[in-house]
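Engineer: The following file, start_32.txt, comprises compact mmCIF, C-alpha atoms:
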```txt
# COMPACT_ATOMS: atom_id res chain seq x y z
CA VAL A 1 128.28 202.97 -101.74
CA THR A 2 126.65 206.30 -102.61
CA THR A 3 125.62 209.20 -100.41
CA ASP A 4 123.46 211.08 -102.90
CA TYR A 5 121.11 208.09 -103.31
CA LYS A 6 121.54 206.74 -99.74
CA ILE A 7 122.62 203.27 -100.85
CA ALA A 8 124.55 201.26 -98.26
CA ILE A 9 125.88 197.71 -98.10
CA GLU A 10 126.00 195.54 -94.98
CA PRO A 11 128.43 192.61 -95.40
CA GLU A 12 127.70 189.42 -93.49
CA ASN A 13 130.23 188.96 -90.68
CA GLU A 14 131.79 192.27 -91.80
CA VAL A 15 133.73 190.46 -94.56
CA VAL A 16 134.29 191.81 -98.10
CA ARG A 17 136.63 190.51 -100.81
CA ILE A 18 138.49 193.07 -102.92
CA GLY A 19 139.21 191.99 -106.50
CA LYS A 20 140.69 193.35 -109.68
CA ASN A 21 139.54 196.64 -111.20
CA ARG A 22 138.10 197.83 -107.87
CA SER A 23 135.52 195.04 -107.69
CA VAL A 24 134.07 194.11 -104.31
CA THR A 25 132.35 190.78 -103.53
CA TYR A 26 130.44 189.94 -100.36
CA ASP A 27 127.48 188.13 -98.82
CA GLY A 28 124.93 190.26 -97.02
CA SER A 29 122.47 193.00 -97.85
CA ILE A 30 121.99 196.29 -99.69
CA ASN A 31 119.76 199.00 -98.29
CA ALA A 32 118.60 201.10 -101.24
CA GLY A 33 115.68 203.47 -100.94
CA ASP A 34 112.42 201.57 -100.68
CA PHE A 35 114.11 198.16 -100.97
CA VAL A 36 116.44 195.91 -98.99
CA TYR A 37 118.19 193.16 -101.01
CA LYS A 38 119.68 190.20 -99.15
CA GLY A 39 121.68 187.34 -100.61
CA LYS A 40 125.06 185.87 -101.51
CA ASP A 41 127.94 186.60 -103.88
CA PHE A 42 127.01 190.23 -104.48
CA THR A 43 129.64 191.89 -106.68
CA PHE A 44 130.20 195.61 -107.14
CA ASP A 45 131.51 196.34 -110.65
CA TYR A 46 133.26 199.70 -110.86
CA LYS A 47 133.28 199.88 -114.66
CA SER A 48 129.50 199.59 -115.02
CA PHE A 49 128.93 201.14 -111.57
CA SER A 50 126.49 198.42 -110.66
CA ILE A 51 126.01 195.58 -108.17
CA ASN A 52 125.35 192.11 -109.57
CA MET A 53 123.22 189.94 -107.27
CA PRO A 54 123.21 186.36 -108.63
CA THR A 55 121.57 184.85 -105.54
CA LEU A 56 118.83 186.94 -103.94
CA ASP A 57 117.28 185.34 -100.88
CA SER A 58 114.88 188.22 -100.40
CA ILE A 59 113.81 191.60 -101.73
CA ARG A 60 111.92 193.46 -99.03
CA ILE A 61 109.95 196.67 -99.40
CA GLN A 62 110.44 199.19 -96.60
CA LEU A 63 108.07 201.99 -95.69
CA PRO A 64 108.01 204.84 -93.18
CA PRO A 65 106.63 203.45 -89.92
CA SER A 66 102.91 203.59 -89.24
CA ASP A 67 101.62 206.08 -86.67
CA SER A 68 101.70 203.40 -83.98
CA THR A 69 105.22 202.16 -84.68
CA VAL A 70 108.58 203.90 -84.52
CA ASN A 71 111.77 201.97 -85.26
CA GLN A 72 114.52 203.88 -83.52
CA ASN A 73 117.18 201.44 -84.76
CA ASN A 74 116.61 202.35 -88.42
CA PRO A 75 118.38 205.61 -89.23
CA ASP A 76 116.07 206.22 -92.17
CA ASN A 77 113.07 205.47 -89.96
CA LYS A 78 111.64 202.75 -92.17
CA GLU A 79 110.25 199.27 -91.54
CA SER A 80 110.11 196.28 -93.88
CA LEU A 81 107.01 194.41 -94.99
CA GLN A 82 107.04 190.88 -93.61
CA ASN A 83 106.31 189.06 -96.88
CA HIS A 84 108.75 189.61 -99.71
CA LEU A 85 110.06 188.57 -103.12
CA THR A 86 112.52 185.67 -103.16
CA GLU A 87 114.30 183.06 -105.34
CA THR A 88 115.57 185.46 -107.99
CA SER A 89 118.65 187.33 -109.20
CA GLY A 90 119.28 190.80 -110.59
CA ILE A 91 121.43 193.89 -111.01
CA LEU A 92 121.26 197.24 -109.24
CA TYR A 93 122.53 200.06 -111.46
CA LEU A 94 123.75 202.83 -109.18
CA ASP A 95 124.36 205.62 -111.70
CA ARG A 96 125.71 206.26 -115.18
CA PRO A 97 129.32 205.00 -115.42
CA ASP A 98 130.39 208.53 -116.41
CA ASN A 99 128.66 210.03 -113.37
CA ARG A 100 130.05 207.96 -110.50
CA SER A 101 130.61 211.06 -108.37
CA GLY A 102 126.94 211.99 -108.72
CA VAL A 103 127.76 215.53 -109.80
CA ALA A 104 124.96 215.54 -112.39
CA LYS A 105 121.44 214.32 -111.73
CA ALA A 106 120.95 211.13 -113.75
CA ASP A 107 117.28 210.52 -114.52
CA GLY A 108 116.16 206.95 -113.98
CA TYR A 109 118.97 206.04 -111.58
CA PRO A 110 119.36 204.06 -109.46
CA TYR A 111 117.32 201.28 -111.02
CA PHE A 112 117.02 197.56 -110.50
CA ILE A 113 116.21 194.67 -112.84
CA THR A 114 115.67 190.97 -112.23
CA ASP A 115 116.77 188.46 -114.84
CA SER A 116 114.48 185.68 -113.61
CA GLU A 117 111.06 185.22 -112.05
CA SER A 118 110.55 186.18 -108.41
CA ILE A 119 108.30 184.33 -105.95
CA VAL A 120 106.23 185.73 -103.11
CA TYR A 121 105.19 183.00 -100.65
CA PHE A 122 102.39 183.32 -98.12
CA ASP A 123 103.49 180.66 -95.63
CA GLY A 124 104.74 183.01 -92.89
CA GLU A 125 103.22 183.37 -89.45
CA GLU A 126 102.17 186.90 -90.40
CA ILE A 127 99.64 185.49 -92.90
CA LEU A 128 96.63 184.24 -90.92
CA ASP A 129 98.92 182.84 -88.19
CA GLY A 130 100.75 180.52 -90.58
CA ALA A 131 97.64 178.90 -92.08
CA TYR A 132 99.25 178.30 -95.52
CA ASP A 133 102.25 176.41 -96.84
CA LYS A 134 104.45 177.11 -99.88
CA SER A 135 101.77 175.82 -102.26
CA VAL A 136 100.24 179.33 -102.00
CA PHE A 137 102.47 181.73 -103.90
CA PHE A 138 102.59 184.55 -106.44
CA ILE A 139 104.96 184.50 -109.45
CA VAL A 140 106.35 187.85 -110.58
CA PRO A 141 107.91 187.81 -114.11
CA PRO A 142 111.31 189.50 -114.65
CA LEU A 143 110.83 193.13 -113.70
CA GLU A 144 112.50 196.53 -113.81
CA VAL A 145 112.12 199.09 -111.04
CA ASP A 146 113.15 202.48 -112.40
CA SER A 147 112.93 204.33 -109.11
CA ILE A 148 114.10 202.69 -105.90
CA ASP A 149 113.20 205.63 -103.68
CA ARG A 150 109.70 206.98 -104.31
CA GLU A 151 107.78 209.71 -102.59
CA ASP A 152 104.98 207.18 -102.11
CA ALA A 153 106.35 203.65 -101.72
CA SER A 154 102.80 202.32 -101.36
CA SER A 155 102.46 202.81 -105.14
CA ILE A 156 104.84 199.87 -105.75
CA THR A 157 103.09 197.06 -107.66
CA PHE A 158 104.06 193.65 -109.03
CA PRO A 159 101.95 192.13 -111.85
CA GLY A 160 102.03 188.36 -112.02
CA THR A 161 100.23 185.07 -111.46
CA PHE A 162 98.64 183.72 -108.27
CA ASN A 163 98.73 180.04 -107.34
CA SER A 164 96.30 179.36 -104.50
CA GLY A 165 97.38 175.83 -103.64
CA GLY A 166 94.29 174.34 -105.28
CA ILE A 167 91.65 176.64 -103.82
CA PHE A 168 91.02 178.31 -107.21
CA PRO A 169 92.39 177.90 -110.71
CA VAL A 170 95.58 179.89 -111.37
CA PHE A 171 94.83 183.51 -112.32
CA ASP A 172 96.66 186.76 -113.10
CA ASP A 173 96.54 189.82 -110.88
CA THR A 174 98.81 192.52 -109.42
CA LEU A 175 100.31 192.62 -105.94
CA HIS A 176 99.81 195.91 -104.08
CA ILE A 177 100.75 196.99 -100.59
CA GLN A 178 97.61 196.43 -98.53
CA ALA A 179 96.30 198.57 -95.68
CA ASP A 180 97.76 196.05 -93.19
CA ARG A 181 101.20 196.48 -94.81
CA SER A 182 101.32 193.11 -96.52
CA LEU A 183 101.64 192.29 -100.21
CA GLY A 184 98.30 191.18 -101.59
CA PHE A 185 95.45 192.02 -103.94
CA PHE A 186 91.70 192.44 -104.37
CA HIS A 187 90.49 190.32 -107.29
CA ASN A 188 87.18 190.42 -109.17
CA ILE A 189 86.17 186.96 -110.32
CA THR A 190 85.02 186.52 -113.92
CA GLU A 191 81.31 186.19 -114.64
CA GLU A 192 81.73 182.44 -115.18
CA GLY A 193 83.00 182.03 -111.62
CA TYR A 194 85.91 179.96 -110.30
CA ASN A 195 85.70 176.29 -109.38
CA LEU A 196 86.54 175.66 -105.74
CA TYR A 197 89.11 172.99 -104.81
CA GLY A 198 88.80 171.35 -108.24
CA THR A 199 85.14 170.46 -107.69
CA ASP A 200 81.94 171.55 -109.44
CA ALA A 201 81.26 174.09 -106.70
CA LYS A 202 81.80 177.64 -107.94
CA THR A 203 82.33 181.00 -106.30
CA ASN A 204 81.55 184.42 -107.75
CA GLU A 205 82.16 188.03 -106.83
CA GLU A 206 85.52 188.86 -105.15
CA ILE A 207 88.69 187.46 -103.56
CA SER A 208 91.16 189.28 -101.35
CA LEU A 209 94.65 188.37 -100.17
CA SER A 210 96.44 190.07 -97.28
CA SER A 211 97.85 189.17 -93.87
CA ARG A 212 94.29 188.04 -93.08
CA GLY A 213 94.70 185.24 -95.61
CA VAL A 214 92.68 184.32 -98.69
CA ARG A 215 89.12 185.53 -98.27
CA GLY A 216 86.05 185.33 -100.46
CA PHE A 217 83.13 187.74 -100.64
CA GLY A 218 79.98 186.78 -102.54
CA GLN A 219 78.35 183.40 -103.16
CA ILE A 220 79.06 179.71 -103.66
CA GLY A 221 76.95 177.63 -106.03
CA PHE A 222 76.79 173.84 -106.33
CA PHE A 223 74.27 172.78 -108.97
CA ASP A 224 70.90 174.10 -107.64
CA PHE A 225 72.28 175.02 -104.21
CA GLN A 226 73.33 178.64 -103.65
CA THR A 227 74.66 180.28 -100.51
CA LEU A 228 75.62 183.91 -99.91
CA PHE A 229 78.43 184.95 -97.58
CA ARG A 230 79.83 188.26 -96.44
CA ARG A 231 83.31 186.91 -95.68
CA LEU A 232 84.74 183.41 -96.05
CA TYR A 233 88.27 182.35 -95.09
CA LEU A 234 89.65 179.86 -97.60
CA LEU A 235 92.45 177.44 -96.69
CA SER A 236 94.59 175.38 -99.06
```
In structure tokens, write the structure found in this file.
Structural biologist:
Amino acid sequence: VTTDYKIAIEPENEVVRIGKNRSVTYDGSINAGDFVYKGKDFTFDYKSFSINMPTLDSIRIQLPPSDSTVNQNNPDNKESLQNHLTETSGILYLDRPDNRSGVAKADGYPYFITDSESIVYFDGEEILDGAYDKSVFFIVPPLEVDSIDREDASSITFPGTFNSGGIFPVFDDTLHIQADRSLGFFHNITEEGYNLYGTDAKTNEEISLSSRGVRGFGQIGFFDFQTLFRRLYLLS
């Protein structure tokens, strides 16, 4: 689609539909900087120089490979995180409509917006060998990404709300790329503590989420009983 921003489309079954006013519709994916968008009914609009994505099955973040991994099949030498955003829709703005040739540098382009919430599930095999189901998920409100190709993709963050499948009450936090290349967070529990599994038992200190699952660090209290733990794996 563009060479200056390295944005490329990959139609499913190599099929595209050409419409009026130079529009192009297809199912498949878009590789754009730090992100790969996959879904159905993507439509390139020449007038606005954008791609409308009404059905996004996944938005994956891709990073340069770690020292121990080299993906020779990826010409940009990047690999995708295994967990991803899903169940949303959005628009990728490629450039200013008066700068389609990319002659001038357009600050802020390309950029992407979602017009609905996105969900990150943690039910994949990569998360503690598939220990969780879809009741464990993170909701990301409608967002705008003003730079799809950053010098440091690990700086990408997604504020939102975590639903632990009943382990803890729902709470707000921000997803970051973890050291193990999964989306997760490190959360400090409030001084009052969080009730565990809807019971009177409470936990304090810290919670982490990564490919190692939901883990607690600190203590659990149940009335007069207190126990300290260095690391506790919590299942929904």
Engineer: I want to know what sits within 6 Å of Lys78 in chain A, based on all atoms listed in the file, with residues of the same chain fewer than 4 positions away left out; could you give that as a PyMOL selection string?
Structural biologist: chain A and resi 62-65
Engineer: As a count of residues only, please: the residues near Phe137 in chain A (cut-off 10 Å, only C-alpha atoms, same-chain neighbours under 5 positions excluded).
Structural biologist: 11
Engineer: So, with all atoms listed in the file as the atoms that count, which of A:Asp173, A:Glu87, A:Asp146, A:Glu191 lies closest to Tyr109 in chain A?
Structural biologist: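 Selected residue with least distance to Tyr109 in chain A: A:Asp146.
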Engineer: Tell me which of A:Asp129, A:Asp115, A:Asp27, A:Asp107 sits closest to Glu10 in chain A, counting all atoms listed in the file.
Structural biologist: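 Once distances to Glu10 in chain A are computed over all atoms listed in the file, the minimum belongs to A:Asp27.
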Engineer: When distances are computed from only C-alpha atoms, which of A:Glu144, A:Thr203, A:Arg212, A:Ile61 shows the smallest separation from Gln82 in chain A?
Structural biologist: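 Comparing A:Glu144, A:Thr203, A:Arg212, A:Ile61 against Gln82 in chain A, the winner is A:Ile61.
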Engineer: Got a sec: who's within 7 Å of Val140 in chain A, counting all atoms listed in the file, leaving out chain neighbours fewer than 3 positions off, as a compact mmCIF listing (two decimals) with C-alpha atoms, keeping the file's coordinate frame?
Structural biologist:
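Just written: selection-v2.txt:
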```txt
# COMPACT_ATOMS: atom_id res chain seq x y z
CA GLU A 117 111.06 185.22 -112.05
CA SER A 118 110.55 186.18 -108.41
CA ILE A 119 108.30 184.33 -105.95
CA PHE A 158 104.06 193.65 -109.03
CA PRO A 159 101.95 192.13 -111.85
CA GLY A 160 102.03 188.36 -112.02
CA THR A 161 100.23 185.07 -111.46
```
Engineer: In Å, how far is it from CA of Leu235 in chain A to CA of Val214 in chain A?
Structural biologist: 7.2 Å
Engineer: Using all atoms listed in the file, which of the listed residues (A:Leu92, A:Ile220, A:Val24, A:Leu81) sits closest to Asn52 in chain A?
Structural biologist: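 Counting all atoms listed in the file, the residue closest to Asn52 in chain A is A:Leu92.
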Engineer: Report as lines of an AutoDock Vina configuration file the centre and the edge lengths, in Å to one decimal, of the axis-aligned box holding every listed atom of range 33-37 of chain A, padded by 5 Å on each side.
Structural biologist:
```
center_x = 115.3
center_y = 198.3
center_z = -100.0
size_x = 15.8
size_y = 20.3
size_z = 12.0
```
Engineer: Hey, what's within 10 Å of Asn21 in chain A if we count only C-alpha atoms and toss same-chain stuff fewer than 3 positions away? As a PyMOL selection string, please?
Structural biologist: chain A and resi 18+24+45-47
Engineer: So which one's closest to Ser208 in chain A, A:Asn195, A:Val36, A:Ser29, A:Thr174? Using only C-alpha atoms, please.
Structural biologist: A:Thr174
Engineer: Of the candidates A:His84, A:Phe222, A:Thr227, A:Leu232, which one gets nearest to Glu206 in chain A if we count all atoms listed in the file?
Structural biologist: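 The shortest atom-to-atom distance to Glu206 in chain A comes from A:Leu232.
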Engineer: Using CA of Asn99 in chain A and CA of Glu14 in chain A as the two end points, give the distance in Å to one decimal.
Structural biologist: 28.1 Å
Engineer: What is the distance, in Å and to one decimal place, between CA of Asp200 in chain A and CA of Gly166 in chain A?
Structural biologist: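 For CA of Asp200 in chain A relative to CA of Gly166 in chain A, the distance reads 13.3 Å.
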Engineer: Just the residues within 6 Å of Ser182 in chain A, please, counting all atoms listed in the file, with nothing from its chain fewer than 5 positions along; format it as a list in words.
Structural biologist: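 Answer for this query is Ile177, Ser210 and Ser211 of chain A.
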